[in-house]
$ cat run-v1.json   # JSON, C-alpha atoms
[["chain", "number", "residue", "atom", "x", "y", "z"],
["A", 1, "MET", "CA", 52.39, 106.68, 84.50],
["A", 2, "THR", "CA", 49.62, 105.74, 86.90],
["A", 3, "ASN", "CA", 50.41, 104.03, 90.19],
["A", 4, "ARG", "CA", 48.13, 101.92, 92.34],
["A", 5, "TYR", "CA", 47.85, 102.47, 96.08],
["A", 6, "LYS", "CA", 46.56, 100.24, 98.84],
["A", 7, "ILE", "CA", 45.63, 101.71, 102.22],
["A", 8, "ALA", "CA", 45.46, 99.03, 104.91],
["A", 9, "VAL", "CA", 43.40, 99.68, 108.04],
["A", 10, "LYS", "CA", 43.29, 97.66, 111.24],
["A", 11, "ASP", "CA", 39.91, 99.08, 112.21],
["A", 12, "PRO", "CA", 37.32, 99.22, 109.38],
["A", 13, "THR", "CA", 35.75, 102.32, 110.96],
["A", 14, "THR", "CA", 38.96, 104.29, 110.32],
["A", 15, "VAL", "CA", 38.23, 107.54, 108.51],
["A", 16, "VAL", "CA", 40.71, 107.81, 105.62],
["A", 17, "LYS", "CA", 40.97, 110.97, 103.54],
["A", 18, "ARG", "CA", 42.64, 111.51, 100.20],
["A", 19, "ASN", "CA", 43.45, 115.15, 99.48],
["A", 20, "GLY", "CA", 41.03, 116.20, 102.22],
["A", 21, "VAL", "CA", 38.09, 114.14, 100.92],
["A", 22, "GLN", "CA", 36.96, 111.10, 102.90],
["A", 23, "ILE", "CA", 37.17, 107.80, 101.09],
["A", 24, "PRO", "CA", 33.67, 106.33, 101.51],
["A", 25, "LEU", "CA", 33.57, 103.66, 104.24],
["A", 26, "GLY", "CA", 31.42, 101.53, 101.93],
["A", 27, "THR", "CA", 34.31, 101.12, 99.48],
["A", 28, "ILE", "CA", 36.51, 99.22, 101.94],
["A", 29, "ILE", "CA", 37.57, 95.78, 100.66],
["A", 30, "ASN", "CA", 37.28, 92.81, 103.06],
["A", 31, "ASN", "CA", 37.02, 95.30, 105.96],
["A", 32, "ALA", "CA", 40.79, 95.66, 105.60],
["A", 33, "TYR", "CA", 41.89, 98.04, 102.83],
["A", 34, "TYR", "CA", 41.09, 100.61, 100.17],
["A", 35, "THR", "CA", 42.67, 100.91, 96.73],
["A", 36, "PHE", "CA", 42.95, 103.73, 94.24],
["A", 37, "GLU", "CA", 45.00, 104.71, 91.21],
["A", 38, "SER", "CA", 46.64, 108.08, 90.69],
["A", 39, "ASN", "CA", 49.21, 109.81, 88.55],
["A", 40, "THR", "CA", 49.54, 112.83, 90.86],
["A", 41, "ALA", "CA", 50.87, 113.46, 94.35],
["A", 42, "ASP", "CA", 48.18, 112.70, 96.94],
["A", 43, "TYR", "CA", 47.90, 113.59, 100.62],
["A", 44, "ILE", "CA", 46.57, 110.67, 102.69],
["A", 45, "GLU", "CA", 45.44, 111.14, 106.29],
["A", 46, "SER", "CA", 43.40, 109.16, 108.80],
["A", 47, "ASP", "CA", 42.02, 109.28, 112.31],
["A", 48, "LYS", "CA", 43.55, 105.90, 113.25],
["A", 49, "PRO", "CA", 46.73, 104.03, 112.22],
["A", 50, "ILE", "CA", 46.98, 102.98, 108.57],
["A", 51, "MET", "CA", 49.64, 101.59, 106.26],
["A", 52, "VAL", "CA", 49.98, 102.88, 102.69],
["A", 53, "ALA", "CA", 51.63, 100.86, 99.92],
["A", 54, "GLN", "CA", 52.42, 102.17, 96.44],
["A", 55, "PHE", "CA", 52.59, 99.77, 93.50],
["A", 56, "LEU", "CA", 54.47, 100.74, 90.34],
["A", 57, "THR", "CA", 54.20, 98.69, 87.18],
["A", 58, "GLY", "CA", 57.41, 98.14, 85.29],
["A", 59, "GLY", "CA", 58.16, 98.23, 81.60],
["A", 60, "SER", "CA", 57.42, 94.63, 80.60],
["A", 61, "CYS", "CA", 54.40, 94.60, 82.88],
["A", 62, "LEU", "CA", 52.82, 97.16, 80.59],
["A", 63, "GLY", "CA", 52.95, 94.79, 77.62],
["A", 64, "THR", "CA", 56.07, 96.29, 76.09],
["A", 65, "PRO", "CA", 58.61, 93.44, 75.83],
["A", 66, "GLY", "CA", 62.22, 94.46, 76.15],
["A", 67, "THR", "CA", 61.60, 97.60, 78.18],
["A", 68, "LEU", "CA", 63.26, 98.06, 81.55],
["A", 69, "GLY", "CA", 61.48, 97.53, 84.82],
["A", 70, "ASP", "CA", 59.64, 95.07, 86.98],
["A", 71, "PRO", "CA", 56.67, 95.65, 89.24],
["A", 72, "GLU", "CA", 57.60, 97.34, 92.48],
["A", 73, "MET", "CA", 55.90, 97.88, 95.83],
["A", 74, "MET", "CA", 56.96, 100.27, 98.55],
["A", 75, "TYR", "CA", 55.48, 101.34, 101.84],
["A", 76, "ILE", "CA", 55.01, 105.08, 102.15],
["A", 77, "SER", "CA", 56.34, 106.54, 105.41],
["A", 78, "PRO", "CA", 54.37, 109.23, 107.22],
["A", 79, "ILE", "CA", 55.60, 112.81, 106.88],
["A", 80, "GLU", "CA", 56.35, 112.78, 110.61],
["A", 81, "GLN", "CA", 58.85, 109.96, 110.03],
["A", 82, "GLY", "CA", 60.80, 111.80, 107.34],
["A", 83, "ILE", "CA", 64.54, 111.20, 107.52],
["A", 84, "LYS", "CA", 67.61, 113.18, 106.55],
["A", 85, "ARG", "CA", 69.95, 110.32, 105.59],
["A", 86, "ILE", "CA", 69.54, 106.88, 104.02],
["A", 87, "GLY", "CA", 71.67, 104.23, 102.37],
["A", 88, "PHE", "CA", 70.67, 102.13, 99.34],
["A", 89, "TYR", "CA", 71.87, 98.86, 97.89],
["A", 90, "ARG", "CA", 72.15, 98.88, 94.10],
["A", 91, "ASN", "CA", 71.79, 95.40, 92.69],
["A", 92, "THR", "CA", 73.57, 94.46, 89.46],
["A", 93, "ASP", "CA", 72.74, 90.74, 89.61],
["A", 94, "GLN", "CA", 70.17, 89.04, 87.39],
["A", 95, "ALA", "CA", 70.99, 91.29, 84.40],
["A", 96, "ILE", "CA", 69.81, 94.42, 86.22],
["A", 97, "THR", "CA", 71.43, 97.27, 84.31],
["A", 98, "VAL", "CA", 69.49, 100.28, 85.59],
["A", 99, "ASN", "CA", 68.35, 101.30, 89.06],
["A", 100, "TYR", "CA", 65.67, 103.94, 89.61],
["A", 101, "LEU", "CA", 64.90, 106.00, 92.68],
["A", 102, "THR", "CA", 61.74, 107.90, 93.54],
["A", 103, "LEU", "CA", 62.64, 110.56, 96.05],
["A", 104, "ILE", "CA", 60.27, 113.16, 97.43],
["A", 105, "ILE", "CA", 62.07, 116.11, 98.94],
["A", 106, "PRO", "CA", 61.04, 119.70, 99.70],
["A", 107, "THR", "CA", 62.25, 122.10, 97.00],
["A", 108, "ASN", "CA", 64.41, 123.96, 99.51],
["A", 109, "GLY", "CA", 66.20, 120.67, 100.30],
["A", 110, "VAL", "CA", 67.37, 120.04, 96.72],
["A", 111, "PRO", "CA", 70.58, 122.15, 97.02],
["A", 112, "SER", "CA", 71.79, 119.99, 99.92],
["A", 113, "LEU", "CA", 70.86, 116.66, 98.29],
["A", 114, "ARG", "CA", 73.80, 114.35, 97.52],
["A", 115, "ILE", "CA", 73.69, 111.01, 95.70],
["A", 116, "ASP", "CA", 76.89, 108.98, 95.93],
["A", 117, "GLY", "CA", 78.41, 112.11, 97.48],
["A", 118, "SER", "CA", 77.66, 114.22, 94.42],
["A", 119, "ALA", "CA", 75.23, 117.07, 93.87],
["A", 120, "THR", "CA", 75.28, 116.33, 90.12],
["A", 121, "PHE", "CA", 72.61, 113.87, 88.95],
["A", 122, "ASP", "CA", 69.58, 113.72, 86.68],
["A", 123, "HIS", "CA", 66.37, 114.82, 88.39],
["A", 124, "THR", "CA", 63.02, 116.44, 87.79],
["A", 125, "TYR", "CA", 60.86, 118.62, 90.02]]
$ encode --input "run-v1.json" --output "structure tokens"
Amino acid sequence: MTNRYKIAVKDPTTVVKRNGVQIPLGTIINNAYYTFESNTADYIESDKPIMVAQFLTGGSCLGTPGTLGDPEMMYISPIEQGIKRIGFYRNTDQAITVNYLTLIIPTNGVPSLRIDGSATFDHTY
């Protein structure tokens, strides 16, 4: 599945790089943000503050009625702000029957990962 990303900049002269390659300054939209689509992990860096949002399209948004999922947007935290513990709220209202989690963790951290106190859960690397 391909995701869409939006990189917001306060200063339109901000140099933003994706996987080490500068995103051309001329592709900035409204002097405020860049967008791109990707289905791989990407490394985003800049010389000034930025905010990165990831947009995921859900099942019915892809034209497949009856499939699970709604569109979703999340802000991507910088590597330097990585955390070791977090709590989640799982909503079951509005006929929500499944909750998904995208978690990026170093491979050597997988053995210590617990979800609902358990080390047993479905996951992929």
$ closest_atom_pairs --input "run-v1.json" --of "segment 10-40 of chain A" --to "segment 44-52 of chain A" --cutoff "6 Å" --atoms "all atoms listed in the file" --output "CSV"
residue,atom,partner,partner_atom,distance
A:Thr14,CA,A:Lys48,CA,5.7
A:Val15,CA,A:Ser46,CA,5.4
A:Val16,CA,A:Ser46,CA,4.4
A:Lys17,CA,A:Glu45,CA,5.3
A:Arg18,CA,A:Ile44,CA,4.7
$ atom_distance --input "run-v1.json" --atom1 "atom CA of Ala41 of chain A" --atom2 "atom CA of Tyr5 of chain A"
11.5 Å
$ residues_around --input "run-v1.json" --residues "Thr120 of chain A" --least-positions-apart "6" --cutoff "12 Å" --atoms "all atoms listed in the file" --output "PyMOL selection string"
chain A and resi 110-114
$ closest_residue --input "run-v1.json" --among "A:Pro24, A:Phe36, A:Ala95, A:Asn31" --to "Pro12 of chain A" --atoms "all atoms listed in the file"
A:Asn31
$ closest_residue --input "run-v1.json" --among "A:Ile7, A:Arg90, A:Asn39, A:Phe121" --to "Thr27 of chain A" --atoms "all atoms listed in the file"
A:Ile7
$ residues_near_point --input "run-v1.json" --point "(48.5, 99.3, 101.1)" --cutoff "9 Å" --atoms "only C-alpha atoms" --output "list in words"
Tyr5, Lys6, Ile7, Ala8, Val9, Tyr33, Tyr34, Thr35, Ile50, Met51, Val52, Ala53, Gln54, Phe55, Met74, Tyr75 and Ile76 of chain A
$ closest_residue --input "run-v1.json" --among "A:Pro106, A:Arg4, A:Gly26, A:Lys10" --to "Met73 of chain A" --atoms "all atoms listed in the file"
A:Arg4
$ atom_distance --input "run-v1.json" --atom1 "atom CA of Gly109 of chain A" --atom2 "atom CA of Tyr89 of chain A"
22.7 Å
$ atom_distance --input "run-v1.json" --atom1 "atom CA of Thr2 of chain A" --atom2 "atom CA of Glu37 of chain A"
6.4 Å
$ closest_residue --input "run-v1.json" --among "A:Asp116, A:Gly82, A:Tyr43, A:Thr13" --to "Leu25 of chain A" --atoms "all atoms listed in the file"
A:Thr13
$ build_atoms --input "run-v1.json" --residues "segment 71-101 of chain A" --atoms "N, CA and C atoms" --output "mmCIF file, in the frame of the given file"
data_model
loop_
_atom_site.group_PDB
_atom_site.id
_atom_site.type_symbol
_atom_site.label_atom_id
_atom_site.label_comp_id
_atom_site.auth_asym_id
_atom_site.auth_seq_id
_atom_site.Cartn_x
_atom_site.Cartn_y
_atom_site.Cartn_z
ATOM 1 N N PRO A 71 57.587 95.031 88.283
ATOM 2 C CA PRO A 71 56.670 95.650 89.240
ATOM 3 C C PRO A 71 57.398 95.936 90.546
ATOM 4 N N GLU A 72 56.948 96.922 91.239
ATOM 5 C CA GLU A 72 57.600 97.340 92.480
ATOM 6 C C GLU A 72 56.528 97.741 93.481
ATOM 7 N N MET A 73 56.789 97.454 94.760
ATOM 8 C CA MET A 73 55.900 97.880 95.830
ATOM 9 C C MET A 73 56.747 98.515 96.913
ATOM 10 N N MET A 74 56.268 99.629 97.436
ATOM 11 C CA MET A 74 56.960 100.270 98.550
ATOM 12 C C MET A 74 55.938 100.783 99.547
ATOM 13 N N TYR A 75 56.328 100.763 100.803
ATOM 14 C CA TYR A 75 55.480 101.340 101.840
ATOM 15 C C TYR A 75 55.838 102.814 101.971
ATOM 16 N N ILE A 76 54.825 103.643 102.052
ATOM 17 C CA ILE A 76 55.010 105.080 102.150
ATOM 18 C C ILE A 76 55.082 105.473 103.625
ATOM 19 N N SER A 77 56.167 106.102 104.022
ATOM 20 C CA SER A 77 56.340 106.540 105.410
ATOM 21 C C SER A 77 55.559 107.816 105.663
ATOM 22 N N PRO A 78 55.056 107.984 106.874
ATOM 23 C CA PRO A 78 54.370 109.230 107.220
ATOM 24 C C PRO A 78 55.324 110.418 107.177
ATOM 25 N N ILE A 79 54.791 111.586 106.912
ATOM 26 C CA ILE A 79 55.600 112.810 106.880
ATOM 27 C C ILE A 79 56.369 112.961 108.191
ATOM 28 N N GLU A 80 55.723 112.631 109.299
ATOM 29 C CA GLU A 80 56.350 112.780 110.610
ATOM 30 C C GLU A 80 57.573 111.886 110.776
ATOM 31 N N GLN A 81 57.712 110.873 109.942
ATOM 32 C CA GLN A 81 58.850 109.960 110.030
ATOM 33 C C GLN A 81 59.891 110.229 108.942
ATOM 34 N N GLY A 82 59.822 111.426 108.354
ATOM 35 C CA GLY A 82 60.800 111.800 107.340
ATOM 36 C C GLY A 82 62.211 111.716 107.906
ATOM 37 N N ILE A 83 63.163 111.368 107.073
ATOM 38 C CA ILE A 83 64.540 111.200 107.520
ATOM 39 C C ILE A 83 65.468 112.089 106.701
ATOM 40 N N LYS A 84 66.650 112.312 107.218
ATOM 41 C CA LYS A 84 67.610 113.180 106.550
ATOM 42 C C LYS A 84 68.728 112.388 105.879
ATOM 43 N N ARG A 85 68.853 111.102 106.148
ATOM 44 C CA ARG A 85 69.950 110.320 105.590
ATOM 45 C C ARG A 85 69.483 108.876 105.398
ATOM 46 N N ILE A 86 69.893 108.278 104.285
ATOM 47 C CA ILE A 86 69.540 106.880 104.020
ATOM 48 C C ILE A 86 70.590 106.252 103.125
ATOM 49 N N GLY A 87 70.765 104.966 103.243
ATOM 50 C CA GLY A 87 71.670 104.230 102.370
ATOM 51 C C GLY A 87 70.872 103.268 101.498
ATOM 52 N N PHE A 88 71.347 103.023 100.282
ATOM 53 C CA PHE A 88 70.670 102.130 99.340
ATOM 54 C C PHE A 88 71.641 101.056 98.879
ATOM 55 N N TYR A 89 71.095 99.924 98.527
ATOM 56 C CA TYR A 89 71.870 98.860 97.890
ATOM 57 C C TYR A 89 71.467 98.824 96.428
ATOM 58 N N ARG A 90 72.429 98.941 95.537
ATOM 59 C CA ARG A 90 72.150 98.880 94.100
ATOM 60 C C ARG A 90 72.553 97.507 93.593
ATOM 61 N N ASN A 91 71.585 96.768 93.148
ATOM 62 C CA ASN A 91 71.790 95.400 92.690
ATOM 63 C C ASN A 91 72.167 95.384 91.209
ATOM 64 N N THR A 92 73.198 94.630 90.871
ATOM 65 C CA THR A 92 73.570 94.460 89.460
ATOM 66 C C THR A 92 73.448 92.996 89.045
ATOM 67 N N ASP A 93 72.946 92.161 89.936
ATOM 68 C CA ASP A 93 72.740 90.740 89.610
ATOM 69 C C ASP A 93 71.508 90.567 88.736
ATOM 70 N N GLN A 94 71.350 89.391 88.176
ATOM 71 C CA GLN A 94 70.170 89.040 87.390
ATOM 72 C C GLN A 94 69.951 89.979 86.207
ATOM 73 N N ALA A 95 71.046 90.438 85.598
ATOM 74 C CA ALA A 95 70.990 91.290 84.400
ATOM 75 C C ALA A 95 70.309 92.629 84.666
ATOM 76 N N ILE A 96 70.363 93.109 85.903
ATOM 77 C CA ILE A 96 69.810 94.420 86.220
ATOM 78 C C ILE A 96 70.849 95.458 85.805
ATOM 79 N N THR A 97 70.490 96.294 84.845
ATOM 80 C CA THR A 97 71.430 97.270 84.310
ATOM 81 C C THR A 97 71.107 98.700 84.708
ATOM 82 N N VAL A 98 69.914 98.935 85.219
ATOM 83 C CA VAL A 98 69.490 100.280 85.590
ATOM 84 C C VAL A 98 68.774 100.212 86.936
ATOM 85 N N ASN A 99 69.050 101.170 87.792
ATOM 86 C CA ASN A 99 68.350 101.300 89.060
ATOM 87 C C ASN A 99 67.679 102.657 89.100
ATOM 88 N N TYR A 100 66.425 102.705 89.527
ATOM 89 C CA TYR A 100 65.670 103.940 89.610
ATOM 90 C C TYR A 100 65.383 104.275 91.061
ATOM 91 N N LEU A 101 65.209 105.532 91.349
ATOM 92 C CA LEU A 101 64.900 106.000 92.680
ATOM 93 C C LEU A 101 63.793 107.037 92.593
#
